[in-house]
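Here is the file model.cif (mmCIF, C-alpha atoms).
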data_model
#
loop_
_atom_site.label_atom_id
_atom_site.label_comp_id
_atom_site.auth_asym_id
_atom_site.auth_seq_id
_atom_site.Cartn_x
_atom_site.Cartn_y
_atom_site.Cartn_z
CA MET A 94 -8.68 17.67 -17.33
CA ALA A 95 -11.11 16.33 -14.72
CA ARG A 96 -9.68 13.79 -12.31
CA LYS A 97 -11.00 10.28 -12.70
CA ASP A 98 -13.13 8.83 -9.94
CA TYR A 99 -11.42 5.49 -9.47
CA THR A 100 -13.79 4.46 -6.69
CA THR A 101 -16.31 3.43 -9.34
CA PHE A 102 -13.97 0.98 -11.06
CA ASP A 103 -13.85 -2.70 -10.16
CA ASP A 104 -10.58 -4.35 -9.16
CA GLU A 105 -9.85 -5.81 -12.58
CA ALA A 106 -10.32 -2.44 -14.25
CA LEU A 107 -8.05 -0.83 -11.69
CA MET A 108 -5.37 -3.42 -12.48
CA ARG A 109 -5.69 -2.63 -16.19
CA LEU A 110 -5.30 1.06 -15.50
CA THR A 111 -2.38 0.39 -13.18
CA ALA A 112 -0.71 -1.46 -16.04
CA ARG A 113 -1.12 1.70 -18.14
CA GLY A 114 0.69 3.70 -15.49
CA GLU A 115 -2.34 5.42 -13.92
CA ASP A 116 -1.20 6.11 -10.38
CA GLY A 117 -4.67 6.96 -9.15
CA ALA A 118 -5.95 3.52 -10.11
CA PHE A 119 -3.28 1.79 -8.09
CA ALA A 120 -3.80 4.12 -5.16
CA GLU A 121 -7.48 3.14 -5.09
CA LEU A 122 -6.65 -0.58 -5.31
CA TYR A 123 -4.13 -0.18 -2.50
CA ALA A 124 -6.55 1.72 -0.29
CA ARG A 125 -9.20 -0.95 -0.79
CA HIS A 126 -7.08 -3.92 0.12
CA LYS A 127 -4.15 -2.82 2.27
CA GLY A 128 -6.07 -3.33 5.50
CA TRP A 129 -7.02 -6.89 4.60
CA VAL A 130 -3.46 -7.74 3.54
CA TYR A 131 -2.12 -6.27 6.77
CA ARG A 132 -4.55 -8.21 8.97
CA VAL A 133 -3.86 -11.51 7.22
CA ALA A 134 -0.12 -10.86 7.35
CA LEU A 135 -0.33 -9.96 11.02
CA ARG A 136 -2.03 -13.28 11.76
CA MET A 137 0.73 -15.08 9.94
CA THR A 138 3.79 -13.21 11.13
CA ARG A 139 2.54 -12.15 14.56
CA ARG A 140 4.65 -8.99 14.32
CA HIS A 141 3.50 -5.55 13.29
CA ALA A 142 6.80 -4.71 11.56
CA ASP A 143 6.84 -7.96 9.63
CA ALA A 144 3.22 -7.46 8.60
CA LEU A 145 4.15 -4.04 7.21
CA ASP A 146 6.98 -5.63 5.24
CA VAL A 147 4.50 -8.11 3.81
CA VAL A 148 2.19 -5.28 2.77
CA GLN A 149 5.03 -3.62 0.87
CA GLU A 150 6.12 -6.83 -0.82
CA VAL A 151 2.60 -7.83 -1.79
CA PHE A 152 1.73 -4.53 -3.41
CA ALA A 153 5.06 -4.33 -5.20
CA TYR A 154 4.11 -7.71 -6.63
CA VAL A 155 0.67 -6.41 -7.60
CA VAL A 156 2.22 -3.53 -9.55
CA LYS A 157 4.61 -5.92 -11.27
CA LYS A 158 1.82 -8.30 -12.24
CA ALA A 159 -0.58 -5.64 -13.53
CA PRO A 160 0.32 -5.88 -17.26
CA GLY A 161 -1.78 -8.63 -18.80
CA PHE A 162 -3.46 -9.43 -15.49
CA ARG A 163 -6.80 -11.23 -15.65
CA LEU A 164 -8.92 -11.51 -12.52
CA THR A 165 -10.74 -14.84 -12.41
CA ALA A 166 -11.82 -14.67 -8.76
CA LYS A 167 -12.09 -12.07 -6.04
CA PHE A 168 -9.03 -9.88 -5.68
CA THR A 169 -8.42 -11.08 -2.12
CA THR A 170 -8.42 -14.64 -3.44
CA PHE A 171 -5.59 -13.63 -5.79
CA LEU A 172 -3.79 -11.81 -2.98
CA TYR A 173 -3.89 -14.55 -0.38
CA PRO A 174 -1.19 -16.87 -1.80
CA VAL A 175 1.02 -13.83 -2.35
CA VAL A 176 0.57 -12.78 1.28
CA ARG A 177 1.21 -16.30 2.48
CA SER A 178 4.37 -16.66 0.42
CA SER A 179 5.69 -13.28 1.51
CA ALA A 180 4.90 -13.92 5.18
CA ALA A 181 6.54 -17.34 5.03
CA GLY A 182 9.68 -15.80 3.57
CA ILE A 183 9.87 -13.13 6.23
CA TYR A 184 9.20 -15.67 8.98
CA ARG A 185 11.98 -17.90 7.65
CA LYS A 186 14.42 -15.00 7.56
CA ARG A 187 13.52 -14.11 11.13
CA ARG A 188 14.20 -17.64 12.33
CA GLU A 189 17.50 -17.71 10.45
CA VAL A 190 18.68 -14.64 12.33
CA GLY A 191 17.60 -16.17 15.60
CA GLY A 192 14.23 -14.50 16.15
CA GLY A 193 11.66 -16.35 18.21
CA ASP A 194 8.67 -18.10 16.80
CA GLU A 195 6.63 -18.14 19.94
CA ILE A 196 2.99 -17.17 19.82
CA ALA A 197 2.91 -13.46 20.47
CA VAL A 198 -0.23 -13.47 22.55
CA GLY A 199 0.24 -11.21 25.53
CA MET A 200 3.63 -9.85 24.45
CA ALA A 201 4.19 -6.15 24.51
CA GLY A 202 5.81 -3.67 22.19
CA ASP A 203 6.06 -4.50 18.54
CA GLU A 204 4.46 -7.87 19.05
CA VAL A 205 0.78 -8.50 18.66
CA ALA A 206 -0.86 -7.99 22.04
CA VAL A 207 -4.12 -9.45 23.17
CA GLY A 208 -6.83 -6.83 23.19
CA ASP A 209 -8.51 -5.94 26.43
CA GLY A 210 -12.01 -6.93 27.35
CA ASP A 211 -12.13 -10.47 26.04
CA GLY A 212 -8.46 -11.14 26.75
CA GLY A 213 -9.10 -14.50 28.36
CA SER A 214 -11.30 -15.76 25.54
CA ARG A 215 -8.93 -14.52 22.87
CA ALA A 216 -5.99 -16.19 24.59
CA ALA A 217 -7.96 -19.44 24.71
CA ILE A 218 -8.78 -19.17 21.01
CA GLU A 219 -5.19 -18.41 20.09
CA ARG A 220 -3.99 -21.42 22.07
CA ALA A 221 -6.65 -23.60 20.48
CA LEU A 222 -5.79 -22.44 16.98
CA ALA A 223 -2.12 -23.06 17.66
CA GLY A 224 -3.09 -26.60 18.61
CA LEU A 225 -4.62 -27.24 15.20
CA GLY A 226 -2.52 -28.40 12.29
CA GLU A 227 -1.44 -25.67 9.89
CA THR A 228 -3.86 -26.65 7.13
CA HIS A 229 -6.81 -26.79 9.54
CA ARG A 230 -5.89 -23.51 11.20
CA GLU A 231 -5.61 -21.87 7.80
CA VAL A 232 -9.14 -22.75 6.69
CA VAL A 233 -10.63 -21.70 10.04
CA GLU A 234 -8.89 -18.34 9.83
CA LEU A 235 -9.82 -17.77 6.21
CA ARG A 236 -13.44 -18.74 6.84
CA PHE A 237 -14.16 -17.09 10.15
CA MET A 238 -11.55 -14.37 10.54
CA HIS A 239 -11.21 -13.14 7.01
CA GLY A 240 -14.72 -13.86 5.78
CA MET A 241 -13.84 -15.90 2.70
CA ASP A 242 -16.40 -18.31 1.28
CA LEU A 243 -15.53 -21.96 0.67
CA ALA A 244 -15.03 -21.56 -3.09
CA SER A 245 -12.65 -18.65 -2.60
CA ILE A 246 -10.72 -20.54 0.04
CA ALA A 247 -10.36 -23.46 -2.36
CA VAL A 248 -8.90 -21.22 -5.05
CA ALA A 249 -6.69 -19.30 -2.63
CA VAL A 250 -5.26 -22.41 -1.01
CA GLY A 251 -5.16 -24.42 -4.21
CA VAL A 252 -7.26 -27.42 -3.18
CA PRO A 253 -10.73 -28.65 -4.18
CA VAL A 254 -13.78 -27.31 -2.36
CA GLY A 255 -14.38 -30.77 -0.92
CA THR A 256 -10.98 -30.69 0.71
CA VAL A 257 -11.74 -27.29 2.21
CA LYS A 258 -14.99 -28.61 3.66
CA SER A 259 -13.24 -31.63 5.09
CA ARG A 260 -10.50 -29.55 6.68
CA LEU A 261 -13.07 -27.18 8.13
CA HIS A 262 -15.09 -30.03 9.55
CA HIS A 263 -12.06 -31.56 11.24
CA ALA A 264 -10.84 -28.18 12.47
CA ILE A 265 -14.13 -27.30 14.11
CA LYS A 266 -14.35 -30.78 15.58
CA GLY A 267 -10.85 -30.30 16.98
CA LEU A 268 -11.73 -26.95 18.50
CA ARG A 269 -14.68 -28.50 20.30
CA GLU A 270 -12.29 -30.76 22.20
CA MET A 271 -10.00 -28.00 23.36
CA ASP A 272 -9.80 -26.52 26.82
CA GLY A 273 -11.36 -23.14 27.05
CA LEU A 274 -13.52 -23.61 23.99
CA ARG A 275 -15.63 -26.59 24.97
CA GLU A 276 -17.93 -24.26 26.89
CA TRP A 277 -18.68 -22.28 23.73
CA PHE A 278 -19.95 -25.38 21.99
CA GLU A 279 -21.88 -26.57 25.04
CA ALA A 280 -23.49 -23.15 25.49
CA ASP A 281 -24.43 -23.14 21.84
CA GLN A 282 -26.30 -26.36 22.37
CA GLY A 283 -28.57 -24.68 24.93
CA GLU A 284 -26.69 -25.40 28.13
CA PRO A 285 -27.10 -22.80 30.87
CA GLY A 286 -24.67 -19.90 30.87
CA ASP A 287 -23.83 -16.97 28.67
CA GLY A 288 -21.46 -18.92 26.42
CA VAL A 289 -18.48 -16.78 27.33
CA ALA A 290 -15.49 -18.87 28.28
CA ARG A 291 -13.60 -17.57 31.30
CA MET B 13 -24.75 -26.13 -0.39
CA ASN B 14 -25.02 -24.76 3.12
CA ASP B 15 -22.46 -22.02 3.12
CA SER B 16 -23.74 -20.28 6.20
CA TRP B 17 -21.46 -18.43 8.52
CA ARG B 18 -21.86 -20.76 11.40
CA THR B 19 -22.10 -24.30 10.16
CA ASP B 20 -20.36 -26.45 7.69
CA GLU B 21 -22.22 -29.05 5.69
CA GLN B 22 -21.51 -31.84 8.15
CA GLY B 23 -23.43 -29.86 10.74
CA VAL B 24 -20.51 -29.39 13.09
CA GLY B 25 -21.23 -25.79 13.77
CA MET B 26 -19.09 -22.96 14.99
CA PRO B 27 -20.96 -21.31 17.86
CA GLU B 28 -22.06 -17.79 17.04
CA GLY B 29 -20.18 -16.28 19.98
CA LEU B 30 -16.97 -18.01 19.05
CA ALA B 31 -17.42 -17.09 15.40
CA GLY B 32 -17.81 -13.49 16.49
CA LEU B 33 -14.60 -13.60 18.49
CA LEU B 34 -12.77 -15.12 15.56
CA ARG B 35 -14.15 -12.38 13.34
CA GLY B 36 -12.89 -9.82 15.84
CA LEU B 37 -9.46 -11.39 15.80
CA GLY B 38 -9.54 -11.23 12.01
CA ASP B 39 -10.51 -7.57 12.13
CA GLY B 40 -7.42 -7.04 14.26
CA ALA B 41 -9.47 -5.22 16.84
CA GLY B 42 -7.00 -3.32 18.97
CA LEU B 43 -4.09 -5.32 17.65
CA GLY B 44 -1.08 -4.44 15.57
CA GLY B 45 -1.83 -0.85 14.68
CA GLY B 46 -2.58 -0.95 10.99
CA VAL B 47 -0.66 0.14 7.94
CA THR B 48 1.46 3.18 8.68
CA GLY B 49 1.78 6.34 6.62
CA SER B 50 5.42 5.61 5.86
CA VAL B 51 4.44 2.28 4.32
CA ASP B 52 1.75 4.03 2.28
CA LEU B 53 4.36 6.44 0.97
CA ALA B 54 6.79 3.66 0.15
CA VAL B 55 4.19 1.55 -1.66
CA LEU B 56 2.63 4.41 -3.61
CA GLY B 57 6.03 5.92 -4.40
CA GLY B 58 7.26 2.60 -5.78
CA ALA B 59 4.13 2.24 -7.89
CA ARG B 60 4.54 5.79 -9.25
CA ARG B 61 8.10 5.03 -10.38
CA VAL B 62 6.94 1.91 -12.21
CA GLY B 63 3.98 3.80 -13.67
CA ARG B 64 6.25 6.54 -14.96
CA ARG B 65 8.45 3.98 -16.70
CA ARG B 66 5.41 2.36 -18.27
CA ARG B 67 4.06 5.69 -19.55
CA VAL B 68 7.46 6.60 -21.03
CA THR B 69 7.65 3.19 -22.69
CA ARG B 70 4.17 3.56 -24.19
CA ARG B 71 5.02 7.00 -25.55
CA ALA B 72 8.31 5.71 -26.93
CA VAL B 73 6.58 2.79 -28.62
CA ARG B 74 4.02 5.11 -30.17
CA GLY B 75 6.67 7.63 -31.15
CA GLY B 76 8.83 4.86 -32.54
CA ALA B 77 5.97 3.62 -34.65
CA VAL B 78 5.39 7.11 -36.04
CA ALA B 79 9.10 7.60 -36.68
CA ALA B 80 9.24 4.23 -38.40
CA VAL B 81 6.36 5.16 -40.66
CA ILE B 82 7.89 8.51 -41.50
CA GLY B 83 11.16 6.77 -42.22
CA ILE B 84 9.43 4.28 -44.48
CA VAL B 85 7.45 7.06 -46.12
CA GLY B 86 10.58 9.11 -46.68
CA GLY B 87 12.34 6.09 -48.13
CA GLY B 88 9.37 5.35 -50.31
CA VAL B 89 9.31 8.89 -51.68
CA TRP B 90 13.00 8.68 -52.44
CA LEU B 91 12.76 5.29 -54.11
CA SER B 92 9.48 5.51 -55.96
CA GLY B 93 9.43 9.12 -57.16
CA GLY B 94 5.79 8.59 -57.93
CA GLY B 95 2.42 9.61 -56.56
CA ALA B 96 0.84 12.99 -56.27
CA VAL B 97 -1.94 14.70 -54.53
CA GLN B 98 -5.13 13.97 -56.42
CA PRO B 99 -6.00 17.22 -58.13
CA GLY B 100 -9.46 18.62 -57.81
CA GLY B 101 -10.81 15.77 -55.70
CA VAL B 102 -12.78 16.41 -52.56
CA VAL B 103 -12.39 13.83 -49.86
CA ALA B 104 -14.52 13.35 -46.80
CA ILE B 105 -11.43 13.08 -44.57
CA ALA B 106 -8.53 15.46 -45.23
CA GLU B 107 -5.97 12.80 -44.33
CA ASP B 108 -7.27 10.40 -47.00
CA LEU B 109 -4.99 11.78 -49.71
CA ASP B 110 -5.64 9.11 -52.31
CA GLY B 111 -9.37 9.00 -51.64
CA ASP B 112 -9.59 5.25 -51.24
CA GLY B 113 -11.58 5.38 -48.04
CA LEU B 114 -8.62 4.54 -45.85
CA VAL B 115 -6.03 6.65 -44.06
CA ASP B 116 -2.90 4.56 -44.39
CA MET B 117 0.75 4.67 -45.24
CA ARG B 118 0.01 5.36 -48.86
CA ASP B 119 -1.60 8.66 -47.84
CA ALA B 120 1.43 9.52 -45.71
CA LEU B 121 3.68 8.68 -48.65
CA ILE B 122 1.67 10.86 -51.04
CA LEU B 123 1.67 13.80 -48.65
CA ALA B 124 5.37 13.41 -47.86
CA ARG B 125 6.25 13.61 -51.57
CA ALA B 126 3.92 16.57 -52.05
CA VAL B 127 5.48 18.40 -49.10
CA ALA B 128 8.92 17.66 -50.50
CA ASP B 129 7.74 19.28 -53.76
CA GLY B 130 6.53 22.33 -51.90
CA GLN B 131 2.90 21.36 -52.25
CA GLY B 132 0.66 19.20 -50.09
CA ARG B 133 -2.24 19.78 -47.76
CA ASP B 134 -2.47 21.40 -44.35
CA VAL B 135 -4.16 18.45 -42.65
CA ASP B 136 -3.33 19.49 -39.10
CA GLY B 137 -4.82 22.96 -39.56
CA ASP B 138 -1.86 24.97 -38.32
CA GLY B 139 -1.69 27.11 -41.44
CA VAL B 140 1.57 25.57 -42.61
CA ILE B 141 2.15 22.63 -44.93
CA ASP B 142 5.08 20.79 -43.44
CA ARG B 143 6.40 17.64 -41.84
CA GLY B 144 3.82 18.02 -39.08
CA ASP B 145 1.07 17.25 -41.57
CA VAL B 146 2.90 14.12 -42.68
CA GLU B 147 3.30 13.09 -39.03
CA ARG B 148 -0.41 13.55 -38.46
CA VAL B 149 -1.31 11.23 -41.33
CA ALA B 150 1.33 8.72 -40.24
CA THR B 151 0.03 8.74 -36.66
CA MET B 152 -3.49 8.07 -37.86
CA ALA B 153 -2.23 5.27 -40.07
CA VAL B 154 -0.65 3.44 -37.11
CA SER B 155 -3.07 4.35 -34.31
CA LEU B 156 -5.83 2.03 -35.47
CA GLY B 157 -5.47 -1.38 -37.10
CA GLY B 158 -2.10 -2.10 -35.55
CA ASP B 159 -0.69 -3.66 -38.74
CA GLY B 160 -0.60 -0.22 -40.36
CA GLY B 161 -3.59 -1.24 -42.41
CA GLY B 162 -5.08 2.10 -41.74
CA MET B 163 -8.20 3.78 -40.48
CA GLN B 164 -11.49 3.49 -42.29
CA THR B 165 -12.80 6.88 -43.31
CA LEU B 166 -16.39 7.87 -43.92
CA GLY B 167 -15.93 7.48 -47.65
CA VAL B 168 -14.87 9.59 -50.53
CA VAL B 169 -16.76 12.40 -52.13
CA ARG B 170 -15.45 13.52 -55.47
#

Spell out the structure here as structure tokens.
Amino acid sequence: MARKDYTTFDDEALMRLTARGEDGAFAELYARHKGWVYRVALRMTRRHADALDVVQEVFAYVVKKAPGFRLTAKFTTFLYPVVRSSAAGIYRKRREVGGGDEIAVGMAGDEVAVGDGDGGSRAAIERALAGLGETHREVVELRFMHGMDLASIAVAVGVPVGTVKSRLHHAIKGLREMDGLREWFEADQGEPGDGVAR
Amino acid sequence: MNDSWRTDEQGVGMPEGLAGLLRGLGDGAGLGGGVTGSVDLAVLGGARRVGRRRRVTRRAVRGGAVAAVIGIVGGGVWLSGGGAVQPGGVVAIAEDLDGDGLVDMRDALILARAVADGQGRDVDGDGVIDRGDVERVATMAVSLGGDGGGMQTLGVVR
């Protein structure tokens, strides 16, 4: 019997086939979205090992939820609250056993390290994002880091689109005021310079 | 609605350079390391175990439905003592024993009684008239129209 080409199926169809026990369908779904889940989880947990745990938990949940599943938005929109919940649980467990919750920028080893090249700018952004409230940081990350549109963010976060817009507005306004980022906004308005904060 | 990458509707824009850096952070450029092979194995292995259980359950449900029909058919033969293969009739579908245009439990009942009497019809084409033929009719009766109402045939030719 010829093998099915699952790459041609959309995410909802793959979930239906996963519910029927078709391993290839789930493998395709996993391959499509594991990277995104990992990156979002890494932003939340700041630890590579914890992000991997989140990936496992999220996809175990996906398999469990496959029977009767109906996709009413993008698959990543469905995944986001699952990732968030899983990451929050792992983060809580880490704090309970005495793990640190410091921002992992610049830390070595298992922690998330700042990439080279734009290290200074990235550090400034990380500090600025840490200075935002959690709800504001979340919409900035979903919009600009993870490429979600406003409607998807609204569904993922569970608030109206108007609330998302308001949070985004206030978040960007907050970022403008922060050290290390002001230059980006000034450069964008046509001030001299290459717009790279140093 | 202005849903552009850079600006929100209030016009407080995210500078393109900064947006690009944020995008890079989101892409995890050079950070973390990505999903490892051991995690892939764990996730896919877990899914395979669940999938296997689901396939076994589906087969058991189907098999149970067939067994239930055969049990009912057998009981019906024992209780009713009636029915017979229609003599001389030609039907468009071999499994439609009573020629009513449907393959349903009545057909399975008729065939079961006929097989018990040493007669019947080789509907599954294996050269033998036996319980397998009854199972074939019973399977068809339950596989479509989940209430056992049966499968519409092309019609009867007599």

Inset, instruction - Taking only C-alpha atoms into account, report as a list in words which residues of chain A lie within 7 Å of chain B. - result: Arg113, Gly114, Glu115, Asp116, Ala120, Gly128, Tyr131, Arg132, His141, Leu145, Gln149, Phe152, Ala153, Val156, Val205, Ala206, Val207, Gly208, Phe237, Met238, His239, His262, Ile265, Lys266, Trp277, Phe278 and Asp281 of chain A

Legend entry - Proximity to Glu107 of chain B - best of B:Gly137, B:Gly83, B:Gly130, B:Gly75, only C-alpha atoms: B:Gly137

Inset, instruction - Tell me, in Å to one decimal, how far atom CA of Glu276 of chain A is from atom CA of Ala217 of chain A. - result: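 Separation of atom CA of Glu276 of chain A and atom CA of Ala217 of chain A: 11.3 Å.
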
Inset, instruction - Identify which of the residues B:Asp129, B:Arg118, B:Asp108, B:Ile82 lies closest to Val146 of chain B, counting all atoms listed in the file when measuring atom-to-atom distances. - result: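 Nearest to Val146 of chain B: B:Ile82.
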
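Residue membership of the PyMOL selection byres ((chain B and resi 126) around 10) in the shown file amounts to B:Val89, B:Gly95, B:Ala96, B:Val97, B:Ala120, B:Leu121, B:Ile122, B:Leu123, B:Ala124, B:Arg125, B:Val127, B:Ala128, B:Asp129, B:Gly130, B:Gln131, B:Gly132, B:Arg133, B:Ile141, B:Asp142, B:Val146.
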
Inset, instruction - Return the single residue from A:Glu234, A:Glu189, A:Ala247, A:Thr138 that is closest to Leu222 of chain A, with distances computed using only C-alpha atoms. - result: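 Distance minimum relative to Leu222 of chain A lands on A:Glu234.
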
Inset, instruction - Tell me, in Å to one decimal, how far atom CA of Ile246 of chain A is from atom CA of Arg275 of chain A. - result: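 If I compute the distance from atom CA of Ile246 of chain A to atom CA of Arg275 of chain A, I get 26.1 Å.
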